[in-house]
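So this block is upload.cif, mmCIF, C-alpha atoms:
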```
data_entry
loop_
_atom_site.label_atom_id
_atom_site.label_comp_id
_atom_site.auth_asym_id
_atom_site.auth_seq_id
_atom_site.Cartn_x
_atom_site.Cartn_y
_atom_site.Cartn_z
CA MET A 1 114.55 88.81 -76.33
CA ARG A 2 112.31 91.81 -75.69
CA THR A 3 109.20 89.69 -76.31
CA LEU A 4 110.46 87.08 -73.85
CA ILE A 5 110.93 89.67 -71.07
CA LEU A 6 107.44 91.11 -71.57
CA THR A 7 105.93 87.64 -71.48
CA ALA A 8 107.72 86.87 -68.20
CA ILE A 9 106.51 90.09 -66.59
CA ALA A 10 102.93 89.36 -67.66
CA ALA A 11 103.12 85.86 -66.21
CA MET A 12 104.42 87.16 -62.89
CA THR A 13 101.60 89.73 -62.73
CA LEU A 14 98.94 87.09 -63.31
CA THR A 15 100.48 84.83 -60.67
CA THR A 16 100.48 87.67 -58.14
CA GLN A 17 96.83 88.49 -58.86
CA ALA A 18 95.83 84.87 -58.50
CA GLN A 19 97.31 84.58 -55.01
CA PRO A 20 94.77 85.31 -52.26
CA THR A 21 95.43 88.44 -50.18
CA GLN A 22 95.67 87.50 -46.51
CA LYS A 23 95.32 90.06 -43.75
CA THR A 24 94.98 90.01 -39.96
CA VAL A 25 93.50 92.97 -38.08
CA ARG A 26 93.65 93.37 -34.31
CA LEU A 27 91.21 95.74 -32.63
CA LYS A 28 90.34 96.72 -29.08
CA VAL A 29 87.03 98.10 -27.79
CA ILE A 30 86.81 99.74 -24.34
CA GLU A 31 83.48 100.42 -22.63
CA THR A 32 82.56 102.57 -19.64
CA SER A 33 79.06 102.46 -18.18
CA ASP A 34 77.01 104.06 -15.42
CA VAL A 35 79.63 106.72 -14.76
CA HIS A 36 77.16 108.75 -12.66
CA GLY A 37 79.31 111.87 -12.62
CA HIS A 38 82.49 110.09 -11.50
CA PHE A 39 84.64 112.20 -13.79
CA PHE A 40 87.33 113.35 -11.40
CA PRO A 41 89.27 111.58 -8.61
CA TYR A 42 87.48 113.51 -5.87
CA ASP A 43 84.27 112.78 -3.99
CA PHE A 44 82.50 116.14 -3.79
CA MET A 45 80.06 114.82 -1.18
CA GLU A 46 82.52 113.19 1.20
CA LYS A 47 85.36 115.63 0.48
CA ARG A 48 87.95 112.93 -0.10
CA PRO A 49 89.85 111.32 -2.99
CA LEU A 50 88.06 108.77 -5.14
CA LYS A 51 89.37 105.53 -6.59
CA GLY A 52 88.58 104.83 -10.21
CA THR A 53 86.78 107.65 -12.13
CA LEU A 54 87.25 108.69 -15.74
CA ALA A 55 90.40 110.61 -14.82
CA ARG A 56 92.08 107.32 -13.90
CA ALA A 57 90.48 105.35 -16.72
CA SER A 58 91.85 107.98 -19.10
CA THR A 59 95.39 106.96 -18.16
CA TYR A 60 94.67 103.34 -19.05
CA ILE A 61 92.83 104.31 -22.25
CA ASN A 62 95.72 106.53 -23.38
CA ARG A 63 98.13 103.65 -22.81
CA GLN A 64 95.97 101.41 -24.98
CA ARG A 65 95.78 104.10 -27.66
CA GLN A 66 99.57 104.11 -27.82
CA GLN A 67 99.45 100.39 -28.59
CA TYR A 68 96.41 100.21 -30.87
CA GLY A 69 96.34 103.68 -32.40
CA ASP A 70 93.28 104.16 -34.60
CA ARG A 71 92.33 100.52 -34.06
CA LEU A 72 90.85 101.34 -30.64
CA LEU A 73 87.15 102.09 -30.17
CA LEU A 74 85.99 103.89 -26.99
CA ILE A 75 82.30 103.71 -26.08
CA ASP A 76 80.10 104.77 -23.14
CA ASN A 77 76.84 103.18 -22.07
CA GLY A 78 74.96 106.06 -20.46
CA ASP A 79 73.79 107.18 -17.01
CA ILE A 80 76.24 110.05 -17.02
CA LEU A 81 73.96 113.03 -16.23
CA GLN A 82 73.17 112.03 -12.62
CA GLY A 83 75.31 111.16 -9.60
CA GLN A 84 78.18 113.18 -8.16
CA PRO A 85 77.36 116.87 -7.43
CA CYS A 86 79.38 117.94 -10.47
CA VAL A 87 76.54 116.84 -12.76
CA TYR A 88 73.90 118.59 -10.63
CA TRP A 89 76.05 121.72 -10.77
CA SER A 90 76.32 121.47 -14.53
CA ASN A 91 72.65 120.59 -15.11
CA TYR A 92 71.04 123.19 -12.85
CA VAL A 93 73.57 125.75 -11.57
CA MET A 94 75.41 126.40 -14.85
CA PRO A 95 72.86 125.24 -17.42
CA ASP A 96 73.95 127.73 -20.08
CA ASP A 97 77.51 126.38 -20.23
CA GLU A 98 78.34 123.25 -22.20
CA ASN A 99 77.22 120.33 -20.07
CA LEU A 100 80.19 118.94 -18.15
CA ALA A 101 79.23 115.39 -19.14
CA ALA A 102 79.49 116.39 -22.80
CA SER A 103 82.78 118.22 -22.23
CA VAL A 104 84.38 115.18 -20.58
CA VAL A 105 83.19 112.76 -23.28
CA ASN A 106 84.41 115.13 -25.99
CA TYR A 107 87.77 115.59 -24.25
CA MET A 108 88.33 111.84 -23.99
CA ARG A 109 87.40 111.35 -27.67
CA TYR A 110 84.67 108.78 -27.27
CA ASP A 111 83.48 107.13 -30.48
CA ALA A 112 79.87 106.46 -29.44
CA GLU A 113 77.56 106.73 -26.43
CA THR A 114 74.11 105.47 -25.49
CA VAL A 115 71.43 107.19 -23.42
CA GLY A 116 70.76 105.84 -19.91
CA ASN A 117 67.56 106.13 -17.89
CA HIS A 118 69.18 108.69 -15.56
CA ASP A 119 70.07 110.76 -18.62
CA VAL A 120 66.34 111.20 -19.28
CA GLU A 121 65.68 112.06 -15.63
CA PRO A 122 66.85 115.75 -15.71
CA GLY A 123 64.18 116.62 -18.27
CA HIS A 124 64.00 117.91 -21.81
CA LYS A 125 65.79 121.20 -21.25
CA ILE A 126 68.87 119.42 -19.93
CA TYR A 127 69.13 116.33 -22.11
CA ASP A 128 68.07 117.96 -25.38
CA LYS A 129 70.93 120.43 -24.97
CA TRP A 130 73.32 117.63 -23.91
CA ILE A 131 72.44 115.62 -27.03
CA ARG A 132 73.42 118.58 -29.19
CA GLU A 133 76.71 119.11 -27.34
CA VAL A 134 78.12 115.57 -27.43
CA ARG A 135 80.29 115.24 -30.54
CA CYS A 136 80.21 111.47 -30.93
CA PRO A 137 77.01 109.71 -32.05
CA LEU A 138 74.44 109.40 -29.25
CA LEU A 139 72.54 106.15 -29.76
CA GLY A 140 69.00 105.10 -28.94
CA ALA A 141 67.33 102.91 -31.56
CA ASN A 142 64.34 102.23 -29.30
CA ILE A 143 63.97 105.86 -28.14
CA VAL A 144 61.47 107.03 -30.73
CA LYS A 145 59.07 109.86 -31.39
CA GLU A 146 55.83 109.12 -29.56
CA GLU A 147 53.74 108.96 -32.70
CA ARG A 148 56.21 106.61 -34.41
CA LYS A 149 56.37 103.85 -31.78
CA ASP A 150 56.74 100.31 -33.17
CA GLY A 151 57.16 101.62 -36.68
CA GLU A 152 59.59 100.36 -39.27
CA ALA A 153 63.36 100.66 -38.90
CA SER A 154 63.73 104.26 -40.02
CA VAL A 155 66.07 106.99 -38.85
CA GLN A 156 63.12 109.39 -39.14
CA ASN A 157 61.34 107.55 -36.31
CA VAL A 158 64.16 107.94 -33.79
CA TYR A 159 64.01 110.80 -31.27
CA THR A 160 65.51 114.05 -32.53
CA GLY A 161 69.29 114.23 -32.22
CA LEU A 162 69.79 110.50 -31.58
CA LYS A 163 70.94 107.83 -34.00
CA PRO A 164 69.82 104.20 -34.00
CA TYR A 165 73.35 103.00 -34.73
CA SER A 166 76.79 104.31 -35.59
CA VAL A 167 79.27 103.18 -38.25
CA HIS A 168 83.02 103.01 -37.67
CA TYR A 169 85.96 102.01 -39.89
CA LYS A 170 89.05 100.63 -38.22
CA ASP A 171 91.93 99.49 -40.44
CA GLY A 172 89.47 98.61 -43.19
CA VAL A 173 87.07 96.82 -40.83
CA LYS A 174 83.48 98.10 -40.88
CA ILE A 175 81.76 98.10 -37.47
CA CYS A 176 78.16 98.98 -36.63
CA ILE A 177 77.07 99.72 -33.04
CA LEU A 178 73.36 99.49 -32.23
CA GLY A 179 72.35 101.42 -29.11
CA MET A 180 69.27 100.84 -26.95
CA LEU A 181 67.84 101.92 -23.59
CA THR A 182 65.77 99.96 -21.08
CA PRO A 183 62.11 100.67 -21.92
CA ALA A 184 61.10 100.82 -18.25
CA ILE A 185 61.30 104.62 -18.12
CA PRO A 186 57.52 105.07 -17.54
CA ASN A 187 57.85 103.10 -14.28
CA TRP A 188 60.21 105.68 -12.80
CA LEU A 189 59.58 109.05 -14.39
CA ASN A 190 56.54 111.26 -14.87
CA LYS A 191 55.53 111.51 -18.51
CA SER A 192 56.20 115.24 -18.53
CA VAL A 193 59.91 114.39 -18.25
CA TRP A 194 59.87 112.34 -21.48
CA LYS A 195 57.01 114.06 -23.30
CA GLY A 196 57.09 113.30 -27.02
CA MET A 197 59.14 110.14 -26.54
CA ALA A 198 58.28 106.45 -26.53
CA PHE A 199 60.44 103.46 -25.63
CA GLU A 200 60.16 100.31 -27.70
CA GLU A 201 60.57 96.76 -26.41
CA MET A 202 64.19 95.82 -26.94
CA THR A 203 64.03 92.40 -28.61
CA ALA A 204 61.63 93.46 -31.34
CA CYS A 205 63.55 96.70 -31.87
CA ALA A 206 66.88 94.87 -32.12
CA ARG A 207 65.43 92.37 -34.58
CA LYS A 208 64.26 95.00 -37.07
CA TRP A 209 67.41 97.11 -36.79
CA VAL A 210 69.87 94.21 -37.13
CA LYS A 211 68.01 93.20 -40.29
CA TYR A 212 68.27 96.78 -41.55
CA ILE A 213 71.98 97.00 -40.73
CA LYS A 214 72.80 93.71 -42.43
CA GLU A 215 70.91 94.67 -45.58
CA ASN A 216 72.05 98.29 -45.84
CA GLU A 217 75.48 98.44 -44.18
CA ARG A 218 76.90 94.90 -44.55
CA PRO A 219 79.38 95.37 -41.70
CA ASP A 220 82.13 92.99 -40.60
CA LEU A 221 81.09 93.32 -36.95
CA ILE A 222 77.85 94.24 -35.14
CA PHE A 223 77.99 95.36 -31.52
CA GLY A 224 75.16 96.15 -29.13
CA LEU A 225 75.51 99.01 -26.66
CA PHE A 226 72.58 98.52 -24.30
CA HIS A 227 71.68 100.44 -21.19
CA SER A 228 69.80 97.44 -19.85
CA GLY A 229 70.89 94.74 -17.42
CA LEU A 230 71.43 91.08 -18.22
CA ASN A 231 68.05 89.82 -17.01
CA GLY A 232 65.43 90.32 -14.30
CA GLY A 233 64.24 93.71 -13.12
CA ILE A 234 60.76 95.00 -13.97
CA LYS A 235 58.74 92.71 -16.23
CA THR A 236 55.40 93.64 -17.77
CA ALA A 237 53.31 92.22 -20.56
CA ASP A 238 54.97 94.68 -22.94
CA TYR A 239 58.65 94.67 -22.02
CA GLU A 240 61.49 93.68 -19.71
CA GLU A 241 63.68 96.19 -17.91
CA ASP A 242 66.83 94.06 -18.22
CA ALA A 243 66.71 92.43 -21.65
CA THR A 244 70.32 92.01 -22.75
CA GLU A 245 70.26 88.23 -22.36
CA ALA A 246 66.92 87.99 -24.20
CA VAL A 247 68.28 89.97 -27.15
CA ALA A 248 71.49 87.93 -27.24
CA ARG A 249 69.49 84.67 -27.34
CA GLU A 250 66.71 85.73 -29.69
CA VAL A 251 68.29 88.08 -32.24
CA PRO A 252 71.01 86.60 -34.48
CA GLY A 253 73.73 88.90 -35.75
CA PHE A 254 75.49 90.36 -32.73
CA ASP A 255 79.19 89.64 -32.18
CA ILE A 256 79.40 91.48 -28.84
CA ILE A 257 76.86 93.19 -26.60
CA PHE A 258 78.35 95.82 -24.29
CA PHE A 259 75.83 96.62 -21.59
CA GLY A 260 75.21 98.13 -18.15
CA HIS A 261 72.43 99.61 -15.98
CA ASP A 262 72.42 96.83 -13.36
CA HIS A 263 75.67 97.98 -11.67
CA GLN A 264 77.09 94.46 -11.81
CA VAL A 265 80.14 92.95 -13.49
CA HIS A 266 79.40 90.50 -16.29
CA ASN A 267 81.70 88.78 -18.75
CA GLU A 268 80.04 85.77 -20.32
CA TRP A 269 79.13 84.09 -23.56
CA ILE A 270 75.48 83.51 -24.47
CA THR A 271 74.42 81.14 -27.23
CA CYS A 272 71.98 82.64 -29.71
CA ARG A 273 69.17 80.56 -31.21
CA ASP A 274 71.16 80.29 -34.45
CA GLY A 275 73.92 78.47 -32.52
CA ARG A 276 76.44 81.31 -32.54
CA ARG A 277 77.92 82.63 -29.31
CA VAL A 278 77.68 86.28 -28.30
CA LEU A 279 80.04 87.95 -25.81
CA CYS A 280 78.01 89.95 -23.26
CA ILE A 281 80.14 92.20 -21.07
CA ASP A 282 79.41 94.86 -18.44
CA PRO A 283 81.99 96.82 -16.38
CA SER A 284 79.55 97.77 -13.56
CA CYS A 285 79.47 101.38 -12.33
CA TYR A 286 81.42 104.45 -11.17
CA VAL A 287 84.42 103.62 -13.42
CA SER A 288 86.01 101.17 -11.01
CA ASN A 289 86.44 98.98 -14.09
CA VAL A 290 86.28 99.20 -17.82
CA ALA A 291 85.04 96.37 -20.02
CA GLU A 292 87.13 95.59 -23.05
CA ALA A 293 87.12 93.23 -26.00
CA GLU A 294 90.20 92.21 -27.95
CA ILE A 295 89.29 91.20 -31.48
CA GLU A 296 91.41 89.49 -34.12
CA LEU A 297 89.96 89.25 -37.63
CA SER A 298 91.41 87.17 -40.46
CA PHE A 299 90.74 88.10 -44.07
CA ASN A 300 91.50 86.02 -47.16
CA GLY A 301 91.06 87.58 -50.56
CA GLY A 302 89.11 90.44 -48.98
CA ARG A 303 86.68 88.03 -47.33
CA LEU A 304 86.37 87.74 -43.55
CA THR A 305 87.18 84.15 -42.68
CA LYS A 306 87.71 84.10 -38.90
CA LYS A 307 86.81 86.08 -35.78
CA ASP A 308 88.58 85.65 -32.44
CA ILE A 309 87.05 87.66 -29.58
CA LYS A 310 88.21 87.83 -25.97
CA GLY A 311 86.42 89.80 -23.24
CA SER A 312 88.09 91.20 -20.12
CA ILE A 313 87.14 93.33 -17.12
CA VAL A 314 90.01 95.68 -16.28
CA ASN A 315 90.24 97.27 -12.82
CA VAL A 316 91.25 100.94 -13.07
CA ARG A 317 90.68 101.93 -9.44
CA ASP A 318 94.38 102.38 -8.76
CA GLU A 319 95.53 103.75 -12.09
CA GLU A 320 97.49 106.97 -11.98
CA VAL A 321 95.36 110.09 -12.39
CA ASP A 322 95.53 111.72 -15.80
CA GLN A 323 96.84 115.06 -14.53
CA GLN A 324 96.53 116.67 -17.94
CA MET A 325 92.80 115.91 -17.91
CA VAL A 326 92.40 117.22 -14.36
CA SER A 327 94.28 120.40 -15.25
CA HIS A 328 92.03 120.89 -18.28
CA PHE A 329 88.94 120.87 -16.01
CA GLN A 330 90.50 122.49 -12.92
CA SER A 331 88.41 125.65 -13.18
CA GLN A 332 85.16 123.66 -13.14
CA ILE A 333 86.43 121.44 -10.32
CA ASP A 334 87.18 124.49 -8.17
CA GLN A 335 83.76 126.01 -8.87
CA ILE A 336 81.99 122.77 -7.98
CA LYS A 337 83.89 122.47 -4.70
CA ALA A 338 83.00 126.05 -3.80
CA TYR A 339 79.33 125.45 -4.61
CA VAL A 340 79.07 122.18 -2.66
CA ASP A 341 81.03 123.42 0.37
CA ARG A 342 79.07 126.62 0.97
CA PRO A 343 76.83 126.65 4.08
CA ILE A 344 73.13 126.90 3.27
CA GLY A 345 71.70 126.80 6.79
CA ARG A 346 71.86 125.25 10.23
CA PHE A 347 69.71 122.99 12.38
CA GLU A 348 69.02 124.54 15.77
CA GLN A 349 68.23 121.22 17.43
CA PRO A 350 69.66 117.77 16.79
CA ILE A 351 67.74 115.10 14.87
CA TYR A 352 68.59 111.43 15.40
CA THR A 353 67.28 108.65 13.20
CA ARG A 354 67.85 106.07 15.93
CA GLU A 355 65.06 107.64 18.00
CA SER A 356 62.52 106.57 15.42
CA PHE A 357 63.50 102.89 15.41
CA PHE A 358 61.05 101.86 18.14
CA GLY A 359 58.71 104.84 18.44
CA ASN A 360 58.08 108.49 17.62
CA ALA A 361 61.12 110.55 16.78
CA ALA A 362 61.54 114.21 17.69
CA PHE A 363 59.89 115.23 14.46
CA ILE A 364 56.75 113.07 14.93
CA LYS A 365 54.10 114.16 17.42
CA ASP A 366 50.50 113.09 17.83
CA ASP A 367 50.57 111.24 14.50
CA ASP A 368 51.59 114.45 12.75
CA PHE A 369 54.90 115.50 11.29
CA VAL A 370 56.27 118.60 12.97
CA CYS A 371 58.32 119.75 10.04
CA ILE A 372 62.06 119.52 10.20
CA ALA A 373 62.02 122.87 8.45
CA HIS A 374 61.13 124.49 11.79
CA SER A 375 64.62 123.56 12.98
CA PHE A 376 66.33 124.62 9.77
CA GLN A 377 67.45 128.23 9.48
CA PRO A 378 68.73 129.38 6.05
CA VAL A 379 72.06 131.17 5.85
CA GLY A 380 72.60 133.97 3.36
CA ASN A 381 70.26 135.60 0.88
CA HIS A 382 69.16 132.57 -1.08
CA ASP A 383 65.74 131.42 -2.24
CA TYR A 384 65.31 127.97 -0.77
CA GLY A 385 61.67 127.58 -1.76
CA LEU A 386 62.51 124.69 -4.09
CA PHE A 387 64.55 123.04 -1.34
CA PHE A 388 61.63 123.20 1.11
CA ARG A 389 59.08 122.00 -1.44
CA LYS A 390 61.25 118.98 -2.14
CA LEU A 391 61.62 118.43 1.60
CA VAL A 392 57.84 118.49 2.03
CA ASN A 393 57.38 115.96 -0.77
CA ARG A 394 60.01 113.69 0.76
CA LEU A 395 58.37 113.89 4.19
CA ASN A 396 55.07 113.02 2.58
CA GLN A 397 56.60 109.89 1.08
CA ILE A 398 57.97 108.90 4.48
CA ALA A 399 54.59 109.57 6.07
CA LEU A 400 52.84 107.26 3.64
CA ILE A 401 55.28 104.49 4.54
CA LEU A 402 54.82 105.04 8.28
CA GLY A 403 51.06 105.46 7.97
CA VAL A 404 50.94 108.80 9.77
CA ASN A 405 49.08 111.99 8.93
CA ILE A 406 51.27 114.73 7.53
CA CYS A 407 50.92 118.46 7.12
CA ARG A 408 48.10 119.55 9.45
CA ARG A 409 50.72 121.52 11.33
CA LEU A 410 53.47 121.25 8.73
CA ILE A 411 55.27 124.55 8.22
CA LYS A 412 51.99 126.43 8.96
CA ASN A 413 52.58 130.16 9.06
CA ASP A 414 56.30 129.91 8.38
CA ASN A 415 55.75 129.65 4.65
CA ARG A 416 52.17 129.63 3.42
CA ARG A 417 53.19 129.10 -0.20
CA ILE A 418 55.08 125.91 0.62
CA LEU A 419 52.16 124.62 2.68
CA ASP A 420 49.80 125.30 -0.22
CA ASP A 421 52.10 123.25 -2.48
CA CYS A 422 52.04 120.29 -0.09
CA PRO A 423 50.57 117.16 -1.76
CA CYS A 424 48.41 116.51 1.32
CA ASN A 425 46.38 119.67 0.87
#
```
As a first step, turn the structure in this file into structure tokens.
Amino acid sequence: MRTLILTAIAAMTLTTQAQPTQKTVRLKVIETSDVHGHFFPYDFMEKRPLKGTLARASTYINRQRQQYGDRLLLIDNGDILQGQPCVYWSNYVMPDDENLAASVVNYMRYDAETVGNHDVEPGHKIYDKWIREVRCPLLGANIVKEERKDGEASVQNVYTGLKPYSVHYKDGVKICILGMLTPAIPNWLNKSVWKGMAFEEMTACARKWVKYIKENERPDLIFGLFHSGLNGGIKTADYEEDATEAVAREVPGFDIIFFGHDHQVHNEWITCRDGRRVLCIDPSCYVSNVAEAEIELSFNGGRLTKKDIKGSIVNVRDEEVDQQMVSHFQSQIDQIKAYVDRPIGRFEQPIYTRESFFGNAAFIKDDDFVCIAHSFQPVGNHDYGLFFRKLVNRLNQIALILGVNICRRLIKNDNRRILDDCPCN
């Protein structure tokens, strides 16, 4: 009798082991892009409430976290260090504090973030510190050390502090996110701003890194997180500014490409050259929307057998404000308001742009610019040398467009140092 029972138990065990293990996993990925300092529901320039913003998106994201728990992935696509005055304040007025852009991303518990072109714009001192302060992986596979451009797929070649891709595990599902930036940076920024960096063409970079990821990570899903528009933009013999579509068509392996940079909404499927379809999705800018992907994966015997992916653009403009988030940053918000609202000077005579539509304006005389600075009187004990130097440079740009001669009488004896710095002299 005892032998019979043991035999029955053994048979049941073998039967159970022989049956394939079936499993379904449901995930959600939420992307923000081109935030441009729209952290809080207040426009610091216009002094009025703002629709959208991360403070409203946070309410939606928290609601999704309640539903998906650890099966939710939150990602940002860069251009976060420039825009609303709060980022200027953080970059240049309070540079020794943790960058506000890093603090907000850390508070919201982002899983990964890419670098945008406007994140390079503030210069090494700002973005090198920001890279160190962001707790989630900051991605930039094609942002490489200058001497390593177009090298092999190696982490050692990527710019210091950045990662080419990140790895995430959600309910047993392995996900790799490859991040890239538009390589058109040299068209916009002086090399001194990105000294020591180089920017690789996106399609070739994606090809080598997808191959590396497949061979070394063997993930269930591969996402792109590209700060580059769908198509168009600047095109040279070496690269395209907006190359998301090109990568989706030419580089097999991506399941979804989350992208941005072009400030447009996109939610479409692109067929790769291997015949597989890739979801390409972009929420546009200023956190009016978030882009999200709902993913259902079917496993049989531990093997992935089916992927169902659905992309959506979700409007968060009218979501309730996450008051807990606002309260957390209230001290910084108050300081930014005080900084932006302070008077810095006054104009002693009016200046009207309409007067220049069909002839010389009040600030143009005898083909020379009579500097607006003559009318501007600083208030308080502040050094506005930088302000005036920037003003002179801007006037020079306008002069070149209008074809007039600038600076023969510009500023003159009011500030010899500023005149000496003028690009016309």
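Across A:Ile80, A:Val173, A:Ala141, A:Leu73, the tightest approach to Val120 (chain A) is made by A:Ile80 when counting all atoms listed in the file.
The closest residue to Arg132 (chain A), picked from A:Ile281, A:Leu221, A:Leu162, A:Val314 and counting only C-alpha atoms, is A:Leu162.
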Contacts of Met197 (chain A) within 9 Å, only C-alpha atoms, excl. fewer than 4 positions in-chain, as a PyMOL selection string: chain A and resi 143-147+149+159+191
If you count only C-alpha atoms, the residue of A:Gly275, A:Gly172, A:Gly345, A:Gly311 closest to Phe299 (chain A) turns out to be A:Gly172
I'd like the neighbourhood of Phe40 (chain A) as a compact mmCIF listing (two decimals) with C-alpha atoms, in the frame of the given file, where a residue qualifies if any of its atoms comes within 8 Å (using only C-alpha atoms), though same-chain residues fewer than 2 positions away should be ignored.
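And here is the file that came out, out.txt:
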```
# COMPACT_ATOMS: atom_id res chain seq x y z
CA HIS A 38 82.49 110.09 -11.50
CA TYR A 42 87.48 113.51 -5.87
CA LEU A 50 88.06 108.77 -5.14
CA THR A 53 86.78 107.65 -12.13
CA LEU A 54 87.25 108.69 -15.74
CA ALA A 55 90.40 110.61 -14.82
CA VAL A 326 92.40 117.22 -14.36
```
Take the PyMOL selection byres ((chain A and resi 211) around 12), run it mentally on this structure, and tell me the resulting residues as a PyMOL selection string. chain A and resi 152-154+178+204-210+212-219+222+251-254
Enumerate, as an MDAnalysis selection string, the residues matched when the PyMOL selection byres ((chain A and resi 291) around 10) is run on the file above. chainID A and resid 29:33 75 258:259 265:267 281:284 287 289:290 292:293 311:315
